[in-house]
Amino acid sequence: LHDALPICLLYLYQHLGERLRQSCLGWSAGVFTGAPELGKRMVLSRLMLEKQKELRAFYRAANQRTFAETLSGMIKEFKTYSISTQQLAAAEEAIEPGPLKDKLHDLSVIYEDFNKFLAGRYTDPEDYLALLAEKIPHSSLLASAEVWVDGFIWFNPREMTVLAEILNTAASVTVTLCLADPDSPEHQLETSLFHRQWQTRHKLLHLASSLNIDKEEVELVDAGRFADNPLLEHIER
């Protein structure tokens with residue numbers, strides 16, 4: 001009887017990554033444990049001191065205890081939006097000499113060394129989504145699964161990459177968005193309350209089309225949960 005019953009598992013993106021890490025070969029690097037952000041700052045502080053003579057804009061900042069925190073935040077943004085060291089180097093080459101060029105040079109040097117330091121040793125939590133995207137096609141957990149994605153207003157580029165792999169692997173994927181009257185021109189205004197959800201809907205539709213995935217939209221217009229309370233019913237809508 002147990003084998004005949006469907007199993008429902010609830011994961012955050014990070015927890016799904018950990019579940020796949022346990023079930024997939026070739027994903028054995030550890031993670032920063034205890035205080036991952038502190039560990040990253042310690043590594044960045046060490047790298048800045050080692051590369052201090054090569055730095056142009058951050059030469060003095062390398063001795064500041066708090067600058068590693070700033071760099072850690074920058075690297076987090078780079079990884080969130082899939083910006084590589086090669087892209088930073090290309091941006092540096094494309095602009096005239098000046099403070100911005102020097103900063104891009106320093107960021108490229110530190111970012112590259114940071115990734116080299118981690119390679120084969122640790123997994124930066126910011127890299128989990130990239131690793132997750134690589135492992136999804138080989139996952140038996142998702143191969144016949146019905147996946148529901150709930151609670152998101154938007155998806156950053158890394159999350160969209162993961163979602164694309166899930167669309168290609170899972171039996172079905174359902175994404176929920178809080179967006180009434182999705183075709184209303186009002187949502188196109190950046191000042192609209194649900195503009196971001198409207199943008200996300202269009203990105204998801206474009207993603208499904210680019211992957212030749214059949215898509216269906218269902219608008220839940222009558223929840224009925226607060227039928228006896230018009231105020232709460234209006235808020236829910």
# chains A, B, ... in the order shown; residues from 1 in each chain; ligands from 1
$ residues_around --residues "A:Val218" --least-positions-apart "2" --cutoff "12 Å" --atoms "only C-alpha atoms" --output "list in words"
Thr174, Val175, Thr176, Leu177, Cys178, Leu179, Ala180, Asp181, Pro182, Lys215, Glu216, Leu220, Val221 and Asp222 of chain A
$ write_last_selection --atoms "all heavy atoms" --output "CSV table (one decimal), in the first residue's frame"
chain,number,residue,atom,x,y,z
A,174,THR,N,4.5,23.2,-11.8
A,174,THR,CA,3.5,24.3,-11.6
A,174,THR,C,4.1,25.4,-10.8
A,174,THR,O,4.7,25.2,-9.7
A,174,THR,CB,2.3,23.7,-10.8
A,174,THR,OG1,1.7,22.6,-11.5
A,174,THR,CG2,1.2,24.7,-10.6
A,175,VAL,N,4.0,26.6,-11.3
A,175,VAL,CA,4.5,27.8,-10.6
A,175,VAL,C,3.4,28.7,-10.3
A,175,VAL,O,2.5,29.0,-11.1
A,175,VAL,CB,5.5,28.6,-11.5
A,175,VAL,CG1,6.1,29.8,-10.7
A,175,VAL,CG2,6.7,27.7,-12.0
A,176,THR,N,3.3,29.1,-9.0
A,176,THR,CA,2.2,30.0,-8.6
A,176,THR,C,2.7,31.4,-8.5
A,176,THR,O,3.8,31.6,-8.0
A,176,THR,CB,1.6,29.5,-7.2
A,176,THR,OG1,2.6,29.7,-6.2
A,176,THR,CG2,1.2,28.1,-7.3
A,177,LEU,N,1.9,32.3,-8.9
A,177,LEU,CA,2.2,33.8,-8.8
A,177,LEU,C,1.0,34.5,-8.3
A,177,LEU,O,-0.2,34.2,-8.7
A,177,LEU,CB,2.6,34.3,-10.2
A,177,LEU,CG,4.0,33.9,-10.7
A,177,LEU,CD1,4.1,34.5,-12.2
A,177,LEU,CD2,5.1,34.4,-9.9
A,178,CYS,N,1.2,35.5,-7.5
A,178,CYS,CA,0.1,36.3,-7.0
A,178,CYS,C,-0.1,37.4,-8.0
A,178,CYS,O,0.5,38.5,-7.9
A,178,CYS,CB,0.4,36.9,-5.6
A,178,CYS,SG,-0.9,37.8,-4.8
A,179,LEU,N,-1.1,37.2,-8.9
A,179,LEU,CA,-1.3,38.2,-10.0
A,179,LEU,C,-2.7,38.0,-10.6
A,179,LEU,O,-3.0,37.1,-11.3
A,179,LEU,CB,-0.2,37.9,-11.1
A,179,LEU,CG,-0.3,38.9,-12.3
A,179,LEU,CD1,0.0,40.3,-11.9
A,179,LEU,CD2,0.7,38.4,-13.4
A,180,ALA,N,-3.5,39.0,-10.2
A,180,ALA,CA,-4.9,39.0,-10.7
A,180,ALA,C,-4.9,39.7,-12.1
A,180,ALA,O,-4.2,40.6,-12.3
A,180,ALA,CB,-5.8,39.7,-9.7
A,181,ASP,N,-5.8,39.2,-12.9
A,181,ASP,CA,-6.0,39.8,-14.3
A,181,ASP,C,-4.6,40.0,-14.9
A,181,ASP,O,-4.2,41.2,-15.2
A,181,ASP,CB,-6.7,41.2,-14.1
A,181,ASP,CG,-7.2,41.7,-15.5
A,181,ASP,OD1,-7.2,41.0,-16.4
A,181,ASP,OD2,-7.6,42.9,-15.5
A,182,PRO,N,-3.9,38.9,-15.2
A,182,PRO,CA,-2.6,39.0,-15.7
A,182,PRO,C,-2.3,39.8,-17.0
A,182,PRO,O,-1.2,40.3,-17.3
A,182,PRO,CB,-2.2,37.5,-15.9
A,182,PRO,CG,-3.5,36.8,-16.0
A,182,PRO,CD,-4.4,37.5,-15.2
A,215,LYS,N,2.5,24.6,-22.1
A,215,LYS,CA,2.2,25.5,-20.9
A,215,LYS,C,0.7,25.7,-20.8
A,215,LYS,O,0.0,25.7,-21.8
A,215,LYS,CB,2.9,26.8,-21.0
A,215,LYS,CG,2.8,27.5,-22.3
A,215,LYS,CD,3.8,28.7,-22.3
A,215,LYS,CE,3.7,29.5,-23.7
A,215,LYS,NZ,4.2,28.7,-24.8
A,216,GLU,N,0.2,25.9,-19.6
A,216,GLU,CA,-1.2,26.1,-19.4
A,216,GLU,C,-1.3,27.1,-18.2
A,216,GLU,O,-0.6,27.0,-17.2
A,216,GLU,CB,-1.9,24.8,-19.0
A,216,GLU,CG,-3.4,25.0,-18.6
A,216,GLU,CD,-4.0,23.7,-18.1
A,216,GLU,OE1,-3.3,22.7,-17.9
A,216,GLU,OE2,-5.2,23.8,-17.9
A,220,LEU,N,-7.0,31.6,-10.6
A,220,LEU,CA,-7.9,31.2,-9.5
A,220,LEU,C,-8.6,32.5,-9.1
A,220,LEU,O,-8.0,33.3,-8.4
A,220,LEU,CB,-7.1,30.6,-8.3
A,220,LEU,CG,-6.3,29.4,-8.7
A,220,LEU,CD1,-5.5,28.9,-7.4
A,220,LEU,CD2,-7.2,28.3,-9.2
A,221,VAL,N,-9.8,32.7,-9.6
A,221,VAL,CA,-10.5,34.0,-9.3
A,221,VAL,C,-11.5,33.9,-8.2
A,221,VAL,O,-12.0,34.9,-7.7
A,221,VAL,CB,-11.2,34.4,-10.6
A,221,VAL,CG1,-10.2,34.8,-11.7
A,221,VAL,CG2,-12.2,33.4,-11.1
A,222,ASP,N,-11.8,32.7,-7.8
A,222,ASP,CA,-12.8,32.5,-6.7
A,222,ASP,C,-12.3,31.6,-5.7
A,222,ASP,O,-12.5,30.4,-5.7
A,222,ASP,CB,-14.2,32.0,-7.3
A,222,ASP,CG,-15.3,32.0,-6.3
A,222,ASP,OD1,-15.1,32.6,-5.2
A,222,ASP,OD2,-16.3,31.3,-6.5
$ select_by_dssp --residues "stretch 8-195 of chain A" --states "alpha helix (DSSP H)" --output "PyMOL selection string"
chain A and resi 13-23+36-50+67-80+85-93+99-118+128-135+140-143+157-169+195
$ atom_distance --atom1 "atom CA of A:Phe226" --atom2 "atom CA of A:Asp150"
21.2 Å
$ select_by_dssp --residues "stretch 25-210 of chain A" --states "strand (DSSP E)" --output "MDAnalysis selection string"
chainID A and resid 30:31 122:123 146:149 172:175
$ closest_residue --among "A:Ala90, A:Asp102, A:Ser108, A:Phe152" --to "A:Tyr59" --atoms "only C-alpha atoms"
A:Asp102
$ atom_distance --atom1 "atom CA of A:Ala61" --atom2 "atom CA of A:Met74"
14.7 Å
$ closest_residue --among "A:Thr70, A:Ser210, A:Gln64, A:Ser45" --to "A:Ala164" --atoms "only C-alpha atoms"
A:Ser210
$ residues_around --residues "A:Lys76" --least-positions-apart "4" --cutoff "8 Å" --atoms "only C-alpha atoms" --output "VMD selection string"
chain A and resid 72 80 126
$ decode --residues "stretch 150-234 of chain A" --atoms "C-alpha atoms" --output "mmCIF file, in the first residue's frame"
data_model
loop_
_atom_site.group_PDB
_atom_site.id
_atom_site.type_symbol
_atom_site.label_atom_id
_atom_site.label_comp_id
_atom_site.auth_asym_id
_atom_site.auth_seq_id
_atom_site.Cartn_x
_atom_site.Cartn_y
_atom_site.Cartn_z
ATOM 1 C CA ASP A 150 5.409 28.540 -4.619
ATOM 2 C CA GLY A 151 6.206 31.724 -2.719
ATOM 3 C CA PHE A 152 8.320 33.479 -5.358
ATOM 4 C CA ILE A 153 7.740 36.982 -6.702
ATOM 5 C CA TRP A 154 10.676 36.814 -9.097
ATOM 6 C CA PHE A 155 13.633 34.569 -9.977
ATOM 7 C CA ASN A 156 17.223 35.709 -10.315
ATOM 8 C CA PRO A 157 19.280 34.326 -13.239
ATOM 9 C CA ARG A 158 20.690 31.424 -11.215
ATOM 10 C CA GLU A 159 17.223 30.427 -10.033
ATOM 11 C CA MET A 160 15.894 30.637 -13.586
ATOM 12 C CA THR A 161 18.665 28.276 -14.714
ATOM 13 C CA VAL A 162 17.634 25.783 -12.039
ATOM 14 C CA LEU A 163 13.997 26.161 -13.031
ATOM 15 C CA ALA A 164 14.877 25.514 -16.687
ATOM 16 C CA GLU A 165 16.574 22.239 -15.741
ATOM 17 C CA ILE A 166 13.594 21.230 -13.616
ATOM 18 C CA LEU A 167 11.271 21.950 -16.541
ATOM 19 C CA ASN A 168 13.380 19.686 -18.748
ATOM 20 C CA THR A 169 13.564 16.892 -16.163
ATOM 21 C CA ALA A 170 10.377 16.711 -14.085
ATOM 22 C CA ALA A 171 7.087 15.171 -15.206
ATOM 23 C CA SER A 172 5.325 18.485 -14.630
ATOM 24 C CA VAL A 173 6.057 21.862 -13.066
ATOM 25 C CA THR A 174 3.511 24.252 -11.575
ATOM 26 C CA VAL A 175 4.541 27.785 -10.615
ATOM 27 C CA THR A 176 2.191 29.975 -8.604
ATOM 28 C CA LEU A 177 2.191 33.761 -8.833
ATOM 29 C CA CYS A 178 0.083 36.307 -6.975
ATOM 30 C CA LEU A 179 -1.252 38.172 -10.015
ATOM 31 C CA ALA A 180 -4.882 39.000 -10.719
ATOM 32 C CA ASP A 181 -5.997 39.837 -14.263
ATOM 33 C CA PRO A 182 -2.555 39.011 -15.718
ATOM 34 C CA ASP A 183 -3.222 40.643 -19.095
ATOM 35 C CA SER A 184 -4.162 44.013 -17.612
ATOM 36 C CA PRO A 185 -2.018 46.821 -19.122
ATOM 37 C CA GLU A 186 -1.773 48.325 -15.634
ATOM 38 C CA HIS A 187 0.802 45.684 -14.666
ATOM 39 C CA GLN A 188 3.207 46.985 -17.303
ATOM 40 C CA LEU A 189 3.783 50.153 -15.273
ATOM 41 C CA GLU A 190 6.874 49.925 -13.083
ATOM 42 C CA THR A 191 4.924 51.608 -10.298
ATOM 43 C CA SER A 192 2.218 48.944 -10.414
ATOM 44 C CA LEU A 193 1.929 46.843 -7.251
ATOM 45 C CA PHE A 194 2.230 43.590 -9.186
ATOM 46 C CA HIS A 195 4.660 44.701 -11.897
ATOM 47 C CA ARG A 196 7.395 42.314 -10.782
ATOM 48 C CA GLN A 197 5.014 39.344 -10.785
ATOM 49 C CA TRP A 198 3.853 40.392 -14.254
ATOM 50 C CA GLN A 199 7.463 40.447 -15.455
ATOM 51 C CA THR A 200 8.091 37.050 -13.888
ATOM 52 C CA ARG A 201 5.055 35.589 -15.658
ATOM 53 C CA HIS A 202 6.349 36.767 -19.031
ATOM 54 C CA LYS A 203 9.821 35.401 -18.326
ATOM 55 C CA LEU A 204 8.379 32.025 -17.358
ATOM 56 C CA LEU A 205 6.221 31.878 -20.485
ATOM 57 C CA HIS A 206 9.230 32.787 -22.621
ATOM 58 C CA LEU A 207 11.348 30.151 -20.860
ATOM 59 C CA ALA A 208 8.755 27.440 -21.455
ATOM 60 C CA SER A 209 8.456 28.414 -25.111
ATOM 61 C CA SER A 210 12.231 28.394 -25.603
ATOM 62 C CA LEU A 211 12.357 24.855 -24.173
ATOM 63 C CA ASN A 212 9.341 23.687 -26.216
ATOM 64 C CA ILE A 213 7.474 22.924 -23.009
ATOM 65 C CA ASP A 214 3.686 22.815 -23.151
ATOM 66 C CA LYS A 215 2.199 25.469 -20.909
ATOM 67 C CA GLU A 216 -1.180 26.118 -19.356
ATOM 68 C CA GLU A 217 -2.339 29.068 -17.279
ATOM 69 C CA VAL A 218 -5.042 28.759 -14.643
ATOM 70 C CA GLU A 219 -6.311 31.882 -12.904
ATOM 71 C CA LEU A 220 -7.879 31.238 -9.512
ATOM 72 C CA VAL A 221 -10.491 33.972 -9.332
ATOM 73 C CA ASP A 222 -12.841 32.527 -6.726
ATOM 74 C CA ALA A 223 -11.059 31.290 -3.633
ATOM 75 C CA GLY A 224 -14.242 31.184 -1.576
ATOM 76 C CA ARG A 225 -12.332 30.880 1.681
ATOM 77 C CA PHE A 226 -13.559 34.234 3.001
ATOM 78 C CA ALA A 227 -16.983 34.319 1.376
ATOM 79 C CA ASP A 228 -18.509 35.493 4.664
ATOM 80 C CA ASN A 229 -15.965 38.285 5.145
ATOM 81 C CA PRO A 230 -15.831 40.705 2.172
ATOM 82 C CA LEU A 231 -12.816 42.604 3.543
ATOM 83 C CA LEU A 232 -10.621 39.526 3.906
ATOM 84 C CA GLU A 233 -11.880 38.216 0.580
ATOM 85 C CA HIS A 234 -10.764 41.443 -1.124
#
